$ cat model-v2.txt   # compact mmCIF, C-alpha atoms
# COMPACT_ATOMS: atom_id res chain seq x y z
CA MET A 1 14.21 108.01 96.72
CA SER A 2 13.71 111.63 95.74
CA ASN A 3 16.23 113.43 93.62
CA GLU A 4 15.45 117.05 94.38
CA ALA A 5 17.87 119.84 93.64
CA SER A 6 18.32 120.49 97.36
CA LEU A 7 19.81 117.02 97.71
CA SER A 8 22.48 117.64 95.14
CA PRO A 9 25.81 117.41 96.95
CA SER A 10 27.26 120.17 94.82
CA ALA A 11 24.44 122.63 95.61
CA PRO A 12 25.61 125.53 97.78
CA ARG A 13 24.92 124.84 101.45
CA GLY A 14 23.69 127.61 103.71
CA GLU A 15 24.05 127.95 107.46
CA GLY A 16 21.70 125.53 109.21
CA GLN A 17 20.14 124.43 105.93
CA ARG A 18 17.96 121.33 106.21
CA ASP A 19 17.83 118.70 103.53
CA PRO A 20 15.37 115.82 103.55
CA PHE A 21 16.98 112.50 104.46
CA ALA A 22 16.93 110.18 101.46
CA PRO A 23 19.35 107.30 101.96
CA ARG A 24 20.46 105.67 98.72
CA PHE A 25 20.21 101.94 99.19
CA ASP A 26 22.18 99.87 96.68
CA ALA A 27 20.79 97.14 94.40
CA ALA A 28 20.76 94.77 97.40
CA GLY A 29 18.81 97.33 99.45
CA LEU A 30 21.76 98.22 101.67
CA VAL A 31 23.80 101.20 102.81
CA THR A 32 27.17 100.87 104.51
CA ALA A 33 27.35 101.93 108.15
CA VAL A 34 30.53 102.74 110.05
CA ALA A 35 30.31 102.69 113.85
CA VAL A 36 32.54 105.17 115.64
CA ASP A 37 33.05 105.47 119.40
CA ALA A 38 31.44 108.81 120.26
CA ARG A 39 33.85 109.28 123.18
CA SER A 40 37.21 108.32 121.68
CA GLY A 41 36.48 108.80 117.96
CA ALA A 42 37.83 105.30 117.24
CA VAL A 43 36.39 103.48 114.23
CA LEU A 44 34.86 100.33 115.72
CA MET A 45 33.30 98.33 112.93
CA LEU A 46 31.70 98.40 109.51
CA ALA A 47 28.40 96.72 108.69
CA HIS A 48 25.36 97.09 106.44
CA MET A 49 21.87 98.39 106.99
CA ASP A 50 18.70 97.87 105.03
CA ALA A 51 15.66 100.12 105.52
CA LYS A 52 14.40 97.89 108.32
CA ALA A 53 17.69 97.96 110.25
CA LEU A 54 17.86 101.73 109.88
CA ALA A 55 14.28 102.17 111.07
CA LYS A 56 14.87 99.86 114.04
CA THR A 57 18.06 101.74 114.95
CA ARG A 58 16.24 105.06 114.89
CA GLU A 59 13.25 103.68 116.79
CA THR A 60 15.22 101.96 119.59
CA GLY A 61 18.40 104.05 119.76
CA PHE A 62 20.49 100.86 119.48
CA ALA A 63 22.49 99.82 116.42
CA HIS A 64 20.79 97.24 114.21
CA PHE A 65 22.24 95.89 110.99
CA HIS A 66 21.33 93.56 108.19
CA SER A 67 23.39 90.38 108.22
CA ARG A 68 24.23 89.52 104.63
CA SER A 69 25.39 86.01 105.57
CA ARG A 70 22.29 85.21 107.62
CA GLY A 71 19.93 87.33 105.55
CA ARG A 72 18.20 88.86 108.53
CA LEU A 73 17.91 91.82 110.89
CA TRP A 74 20.57 91.72 113.60
CA LYS A 75 20.81 93.80 116.75
CA LYS A 76 24.47 94.43 117.55
CA GLY A 77 25.14 92.67 120.86
CA GLU A 78 21.98 90.54 120.77
CA THR A 79 23.98 87.50 121.90
CA SER A 80 27.20 89.01 123.31
CA GLY A 81 25.50 91.85 125.20
CA ASN A 82 27.93 94.25 123.53
CA THR A 83 25.23 96.59 122.25
CA MET A 84 25.86 100.04 120.80
CA ARG A 85 23.79 103.02 121.86
CA VAL A 86 23.54 105.41 118.93
CA VAL A 87 23.87 109.06 119.91
CA GLU A 88 24.07 110.53 116.41
CA ILE A 89 23.72 109.39 112.81
CA ARG A 90 25.82 111.20 110.22
CA VAL A 91 25.31 110.91 106.48
CA ASP A 92 27.82 111.29 103.67
CA CYS A 93 27.51 113.60 100.68
CA ASP A 94 25.82 111.09 98.38
CA GLU A 95 23.81 109.46 101.18
CA ASP A 96 24.96 105.91 100.56
CA ALA A 97 27.03 105.67 103.73
CA LEU A 98 26.16 106.34 107.36
CA LEU A 99 28.37 107.06 110.32
CA LEU A 100 26.94 105.96 113.64
CA MET A 101 28.32 107.78 116.67
CA VAL A 102 27.89 105.20 119.41
CA ILE A 103 28.49 104.43 123.07
CA PRO A 104 29.49 100.74 123.04
CA ALA A 105 28.55 98.53 125.99
CA GLY A 106 31.68 96.42 125.44
CA PRO A 107 34.19 95.37 122.80
CA ALA A 108 32.92 95.92 119.27
CA CYS A 109 34.64 92.88 117.81
CA HIS A 110 33.59 89.27 118.25
CA THR A 111 37.28 88.49 118.89
CA GLY A 112 37.10 90.56 122.07
CA ALA A 113 39.09 93.44 120.59
CA LEU A 114 37.73 96.94 121.26
CA THR A 115 37.62 97.59 117.52
CA CYS A 116 37.38 95.20 114.56
CA PHE A 117 40.29 97.14 113.03
CA TYR A 118 42.91 95.78 115.43
CA ARG A 119 45.51 94.86 112.82
CA ARG A 120 47.57 96.82 110.34
CA LEU A 121 49.29 95.86 107.17
CA ALA A 122 53.06 95.43 107.56
CA GLY A 123 54.83 94.17 104.47
CA GLU A 124 52.83 91.20 103.24
CA GLY A 125 51.46 90.35 106.68
CA LEU A 126 49.27 91.76 109.42
CA THR A 127 50.41 92.78 112.88
CA ASP A 128 48.35 93.73 115.89
CA ILE A 129 48.15 97.44 116.60
CA MET B 1 42.16 83.53 99.27
CA SER B 2 43.65 81.21 101.88
CA ASN B 3 41.58 80.06 104.79
CA GLU B 4 44.24 78.98 107.23
CA ALA B 5 43.56 78.51 110.90
CA SER B 6 45.79 81.48 111.72
CA LEU B 7 43.37 83.74 109.82
CA SER B 8 40.40 82.69 111.88
CA PRO B 9 39.22 85.81 113.73
CA SER B 10 38.34 83.74 116.79
CA ALA B 11 41.81 82.13 117.03
CA PRO B 12 43.76 83.36 120.07
CA ARG B 13 46.09 86.19 119.10
CA GLY B 14 49.55 86.40 120.58
CA GLU B 15 51.76 89.44 121.06
CA GLY B 16 53.17 90.58 117.74
CA GLN B 17 51.65 87.64 115.88
CA ARG B 18 51.71 87.99 112.11
CA ASP B 19 48.89 86.77 109.91
CA PRO B 20 49.12 86.72 106.13
CA PHE B 21 47.06 89.47 104.49
CA ALA B 22 44.17 87.95 102.56
CA PRO B 23 41.56 90.59 101.74
CA ARG B 24 38.12 89.16 101.04
CA PHE B 25 36.81 90.84 97.93
CA ASP B 26 33.04 90.57 97.43
CA ALA B 27 31.25 89.17 94.38
CA ALA B 28 31.98 92.43 92.54
CA GLY B 29 35.68 92.16 93.45
CA LEU B 30 35.57 94.98 95.99
CA VAL B 31 36.36 95.71 99.61
CA THR B 32 35.10 98.78 101.44
CA ALA B 33 37.69 101.34 102.47
CA VAL B 34 37.19 104.04 105.08
CA ALA B 35 39.61 106.97 105.00
CA VAL B 36 40.44 108.50 108.37
CA ASP B 37 42.54 111.60 109.00
CA ALA B 38 45.67 110.24 110.71
CA ARG B 39 46.14 113.52 112.59
CA SER B 40 42.60 114.27 113.84
CA GLY B 41 41.05 110.80 113.68
CA ALA B 42 38.08 112.22 111.73
CA VAL B 43 36.33 109.84 109.33
CA LEU B 44 36.73 111.50 105.94
CA MET B 45 35.09 109.31 103.33
CA LEU B 46 34.07 105.82 102.34
CA ALA B 47 34.88 104.25 98.99
CA HIS B 48 35.62 100.90 97.37
CA MET B 49 38.81 99.19 96.29
CA ASP B 50 39.41 96.33 93.93
CA ALA B 51 42.71 94.42 93.89
CA LYS B 52 44.16 96.89 91.40
CA ALA B 53 43.26 99.96 93.51
CA LEU B 54 44.70 98.30 96.59
CA ALA B 55 47.92 97.40 94.78
CA LYS B 56 48.26 100.93 93.38
CA THR B 57 47.67 102.43 96.83
CA ARG B 58 50.37 100.24 98.37
CA GLU B 59 52.76 100.89 95.49
CA THR B 60 52.40 104.68 95.40
CA GLY B 61 51.44 105.52 98.98
CA PHE B 62 48.45 107.50 97.71
CA ALA B 63 44.81 106.42 98.04
CA HIS B 64 43.35 104.85 94.91
CA PHE B 65 39.82 103.49 94.65
CA HIS B 66 37.60 101.73 92.16
CA SER B 67 34.81 103.95 90.90
CA ARG B 68 31.69 101.83 90.64
CA SER B 69 29.87 104.46 88.58
CA ARG B 70 32.72 104.96 86.11
CA GLY B 71 33.96 101.38 86.31
CA ARG B 72 37.61 102.34 86.54
CA LEU B 73 40.61 102.95 88.78
CA TRP B 74 40.52 106.36 90.37
CA LYS B 75 43.24 108.20 92.25
CA LYS B 76 41.69 110.32 94.97
CA GLY B 77 42.44 113.93 94.06
CA GLU B 78 43.41 113.20 90.46
CA THR B 79 41.39 116.19 89.28
CA SER B 80 40.90 118.25 92.47
CA GLY B 81 44.46 117.87 93.73
CA ASN B 82 43.05 116.77 97.07
CA THR B 83 45.09 113.59 97.28
CA MET B 84 45.42 111.42 100.36
CA ARG B 85 48.80 110.13 101.49
CA VAL B 86 48.30 106.76 103.17
CA VAL B 87 50.41 106.31 106.29
CA GLU B 88 48.85 103.07 107.49
CA ILE B 89 46.34 100.47 106.31
CA ARG B 90 44.29 98.71 108.96
CA VAL B 91 42.21 95.61 108.32
CA ASP B 92 39.08 94.41 110.10
CA CYS B 93 38.55 91.00 111.67
CA ASP B 94 37.05 89.35 108.60
CA GLU B 95 39.26 91.25 106.14
CA ASP B 96 36.47 92.66 104.02
CA ALA B 97 36.97 96.24 105.15
CA LEU B 98 40.03 98.47 105.23
CA LEU B 99 40.77 101.57 107.21
CA LEU B 100 43.18 103.97 105.55
CA MET B 101 44.99 106.32 107.90
CA VAL B 102 45.72 109.29 105.65
CA ILE B 103 47.20 112.76 105.49
CA PRO B 104 44.81 114.61 103.16
CA ALA B 105 46.17 117.35 100.91
CA GLY B 106 42.84 119.20 101.12
CA PRO B 107 39.12 118.71 101.75
CA ALA B 108 38.05 115.09 101.34
CA CYS B 109 34.62 115.92 99.94
CA HIS B 110 33.86 117.16 96.44
CA THR B 111 31.52 119.71 98.09
CA GLY B 112 34.55 121.34 99.68
CA ALA B 113 33.73 120.00 103.15
CA LEU B 114 36.67 118.57 105.10
CA THR B 115 34.77 115.28 105.47
CA CYS B 116 32.00 113.74 103.37
CA PHE B 117 30.12 113.14 106.65
CA TYR B 118 29.26 116.82 107.20
CA ARG B 119 25.58 116.34 108.00
CA ARG B 120 23.69 114.58 110.75
CA LEU B 121 20.20 113.23 110.96
CA ALA B 122 17.83 115.48 112.90
CA GLY B 123 14.22 114.34 112.91
CA GLU B 124 13.35 113.59 109.29
CA GLY B 125 15.92 115.99 107.88
CA LEU B 126 19.65 116.60 107.73
CA THR B 127 21.50 119.48 109.32
CA ASP B 128 25.09 120.54 108.88
CA ILE B 129 27.41 119.58 111.71

$ encode --input "model-v2.txt" --output "structure tokens"
Amino acid sequence: MSNEASLSPSAPRGEGQRDPFAPRFDAAGLVTAVAVDARSGAVLMLAHMDAKALAKTRETGFAHFHSRSRGRLWKKGETSGNTMRVVEIRVDCDEDALLLMVIPAGPACHTGALTCFYRRLAGEGLTDI
Amino acid sequence: MSNEASLSPSAPRGEGQRDPFAPRFDAAGLVTAVAVDARSGAVLMLAHMDAKALAKTRETGFAHFHSRSRGRLWKKGETSGNTMRVVEIRVDCDEDALLLMVIPAGPACHTGALTCFYRRLAGEGLTDI
């Protein structure tokens, strides 16, 4: 991971300036990735990527993550068929979070909901949105 | 953290059903929080919350996070003035990620950008969106 001055988030940014891409993986080798529906803008799900998942996503154009519970590479939709085609990858200021703009093939959530964020906090409980 | 059948993400969900709220903090005591502009739907930033930051957010109506680098509670905008008023908190299926619907008082990013996700991956580099 380079730490060049041009990567500094507080450095002045010029029109069309290009920075190298240097994702900052955490101690477990992961960055957080948020999948957003490129058409509706809805936040669909949050997952984690290691270097392998990121490389596979860029190589194939389909979202891949690292499953922390199973400890392995996981293609979103590999069993359900609800894959996510990635049309753009955005990066946050300190490069430890990614935003995947995706076209989902089906519901993002394993519950069948379009988004994993289908409930909101109401008092001490949760209600469907 | 309770583990009742009603919390199971694969349990059938009825109209207006209420589940208890039982956030699943990780080994470091944190959940990931994504702040979204409630007016535009734009993803603004990603940060982490411990139980204290979550309680303070609910109590005050303003986004509070846990700074991993500084190891302390942090009110978004405490120095910049760019606070975030939280109008709704959404929860994902496995309750380890939160989505904060916010009205930001100013730019979300410390660079002055409206969102921390102001760059996209283009080839091996990053370009401003």

$ closest_residue --input "model-v2.txt" --among "B:Leu54, B:Ser69, B:Ser80, B:Phe21" --to "chain A" --atoms "all atoms listed in the file"
B:Phe21

$ interface_residues --input "model-v2.txt" --of "chain A" --to "chain B" --cutoff "7 Å" --atoms "only C-alpha atoms" --output "JSON, numbers by chain"
{"A": [9, 10, 16, 17, 18, 19, 20, 21, 41, 88, 89, 90, 91, 92, 93, 111, 116, 117, 118, 119, 120, 121, 124, 125, 126, 127, 128]}

$ atom_distance --input "model-v2.txt" --atom1 "atom CA of B:Pro104" --atom2 "atom CA of A:Met101"
22.4 Å

$ atom_distance --input "model-v2.txt" --atom1 "atom CA of B:Pro107" --atom2 "atom CA of B:Asp26"
29.1 Å

$ residues_around --input "model-v2.txt" --residues "B:Gly29" --least-positions-apart "5" --cutoff "12 Å" --atoms "only C-alpha atoms" --output "compact mmCIF listing (two decimals) with C-alpha atoms, keeping the file's coordinate frame"
# COMPACT_ATOMS: atom_id res chain seq x y z
CA PRO B 23 41.56 90.59 101.74
CA ARG B 24 38.12 89.16 101.04
CA HIS B 48 35.62 100.90 97.37
CA MET B 49 38.81 99.19 96.29
CA ASP B 50 39.41 96.33 93.93
CA ALA B 51 42.71 94.42 93.89
CA LYS B 52 44.16 96.89 91.40
CA ALA B 53 43.26 99.96 93.51
CA LEU B 54 44.70 98.30 96.59
CA HIS B 66 37.60 101.73 92.16
CA ARG B 68 31.69 101.83 90.64
CA GLY B 71 33.96 101.38 86.31
CA ASP B 96 36.47 92.66 104.02

$ atom_distance --input "model-v2.txt" --atom1 "atom CA of B:Phe65" --atom2 "atom CA of B:Asn82"
13.9 Å

$ residues_around --input "model-v2.txt" --residues "A:Lys76" --least-positions-apart "5" --cutoff "8 Å" --atoms "all atoms listed in the file" --output "PyMOL selection string"
chain A and resi 62-65+82-84

$ closest_residue --input "model-v2.txt" --among "B:Gly61, B:Val87, B:Arg72, B:Ala108" --to "B:Arg39" --atoms "only C-alpha atoms"
B:Val87

$ axis_aligned_box --input "model-v2.txt" --around "stretch 56-65 of chain B" --padding-each-side "5 Å" --output "JSON"
{"center_x": 46.3, "center_y": 103.9, "center_z": 96.2, "size_x": 22.9, "size_y": 17.3, "size_z": 15.6}

$ decode --input "model-v2.txt" --residues "stretch 19-38 of chain B" --atoms "N, CA and C atoms" --output "PDB file, in the first residue's frame"
ATOM      1  N   ASP B  19     -40.073  -6.951  15.032  1.00  0.00           N
ATOM      2  CA  ASP B  19     -39.025  -7.760  15.646  1.00  0.00           C
ATOM      3  C   ASP B  19     -38.355  -6.893  16.702  1.00  0.00           C
ATOM      4  N   PRO B  20     -37.808  -7.513  17.749  1.00  0.00           N
ATOM      5  CA  PRO B  20     -36.972  -6.727  18.651  1.00  0.00           C
ATOM      6  C   PRO B  20     -35.705  -6.293  17.906  1.00  0.00           C
ATOM      7  N   PHE B  21     -35.100  -5.217  18.339  1.00  0.00           N
ATOM      8  CA  PHE B  21     -33.860  -4.743  17.713  1.00  0.00           C
ATOM      9  C   PHE B  21     -32.703  -5.317  18.504  1.00  0.00           C
ATOM     10  N   ALA B  22     -31.863  -6.102  17.835  1.00  0.00           N
ATOM     11  CA  ALA B  22     -30.746  -6.761  18.512  1.00  0.00           C
ATOM     12  C   ALA B  22     -29.503  -6.674  17.636  1.00  0.00           C
ATOM     13  N   PRO B  23     -28.870  -5.477  17.605  1.00  0.00           N
ATOM     14  CA  PRO B  23     -27.713  -5.313  16.736  1.00  0.00           C
ATOM     15  C   PRO B  23     -26.607  -6.298  17.090  1.00  0.00           C
ATOM     16  N   ARG B  24     -25.969  -6.827  16.060  1.00  0.00           N
ATOM     17  CA  ARG B  24     -24.888  -7.791  16.296  1.00  0.00           C
ATOM     18  C   ARG B  24     -23.545  -7.087  16.171  1.00  0.00           C
ATOM     19  N   PHE B  25     -23.011  -6.693  17.292  1.00  0.00           N
ATOM     20  CA  PHE B  25     -21.694  -6.052  17.307  1.00  0.00           C
ATOM     21  C   PHE B  25     -20.631  -7.117  17.062  1.00  0.00           C
ATOM     22  N   ASP B  26     -19.579  -6.753  16.333  1.00  0.00           N
ATOM     23  CA  ASP B  26     -18.505  -7.712  16.045  1.00  0.00           C
ATOM     24  C   ASP B  26     -17.576  -7.859  17.258  1.00  0.00           C
ATOM     25  N   ALA B  27     -16.483  -8.589  17.055  1.00  0.00           N
ATOM     26  CA  ALA B  27     -15.563  -8.874  18.158  1.00  0.00           C
ATOM     27  C   ALA B  27     -14.997  -7.596  18.766  1.00  0.00           C
ATOM     28  N   ALA B  28     -14.926  -6.535  17.956  1.00  0.00           N
ATOM     29  CA  ALA B  28     -14.419  -5.256  18.453  1.00  0.00           C
ATOM     30  C   ALA B  28     -15.545  -4.394  19.028  1.00  0.00           C
ATOM     31  N   GLY B  29     -16.775  -4.945  19.037  1.00  0.00           N
ATOM     32  CA  GLY B  29     -17.903  -4.203  19.610  1.00  0.00           C
ATOM     33  C   GLY B  29     -18.522  -3.197  18.657  1.00  0.00           C
ATOM     34  N   LEU B  30     -18.341  -3.433  17.356  1.00  0.00           N
ATOM     35  CA  LEU B  30     -18.779  -2.443  16.364  1.00  0.00           C
ATOM     36  C   LEU B  30     -19.767  -3.003  15.341  1.00  0.00           C
ATOM     37  N   VAL B  31     -20.634  -2.138  14.857  1.00  0.00           N
ATOM     38  CA  VAL B  31     -21.407  -2.415  13.649  1.00  0.00           C
ATOM     39  C   VAL B  31     -21.030  -1.346  12.625  1.00  0.00           C
ATOM     40  N   THR B  32     -21.194  -1.684  11.355  1.00  0.00           N
ATOM     41  CA  THR B  32     -20.907  -0.725  10.296  1.00  0.00           C
ATOM     42  C   THR B  32     -22.139   0.126  10.048  1.00  0.00           C
ATOM     43  N   ALA B  33     -21.936   1.406   9.853  1.00  0.00           N
ATOM     44  CA  ALA B  33     -23.052   2.316   9.580  1.00  0.00           C
ATOM     45  C   ALA B  33     -22.784   3.072   8.288  1.00  0.00           C
ATOM     46  N   VAL B  34     -23.788   3.084   7.428  1.00  0.00           N
ATOM     47  CA  VAL B  34     -23.697   3.796   6.154  1.00  0.00           C
ATOM     48  C   VAL B  34     -24.639   4.989   6.240  1.00  0.00           C
ATOM     49  N   ALA B  35     -24.117   6.183   6.010  1.00  0.00           N
ATOM     50  CA  ALA B  35     -24.977   7.374   6.039  1.00  0.00           C
ATOM     51  C   ALA B  35     -25.412   7.715   4.633  1.00  0.00           C
ATOM     52  N   VAL B  36     -26.724   7.881   4.478  1.00  0.00           N
ATOM     53  CA  VAL B  36     -27.330   8.173   3.179  1.00  0.00           C
ATOM     54  C   VAL B  36     -28.108   9.481   3.297  1.00  0.00           C
ATOM     55  N   ASP B  37     -27.987  10.343   2.311  1.00  0.00           N
ATOM     56  CA  ASP B  37     -28.753  11.588   2.296  1.00  0.00           C
ATOM     57  C   ASP B  37     -30.235  11.263   2.107  1.00  0.00           C
ATOM     58  N   ALA B  38     -31.051  11.595   3.105  1.00  0.00           N
ATOM     59  CA  ALA B  38     -32.472  11.239   3.071  1.00  0.00           C
ATOM     60  C   ALA B  38     -33.207  11.951   1.941  1.00  0.00           C
TER      61      ALA B  38
END
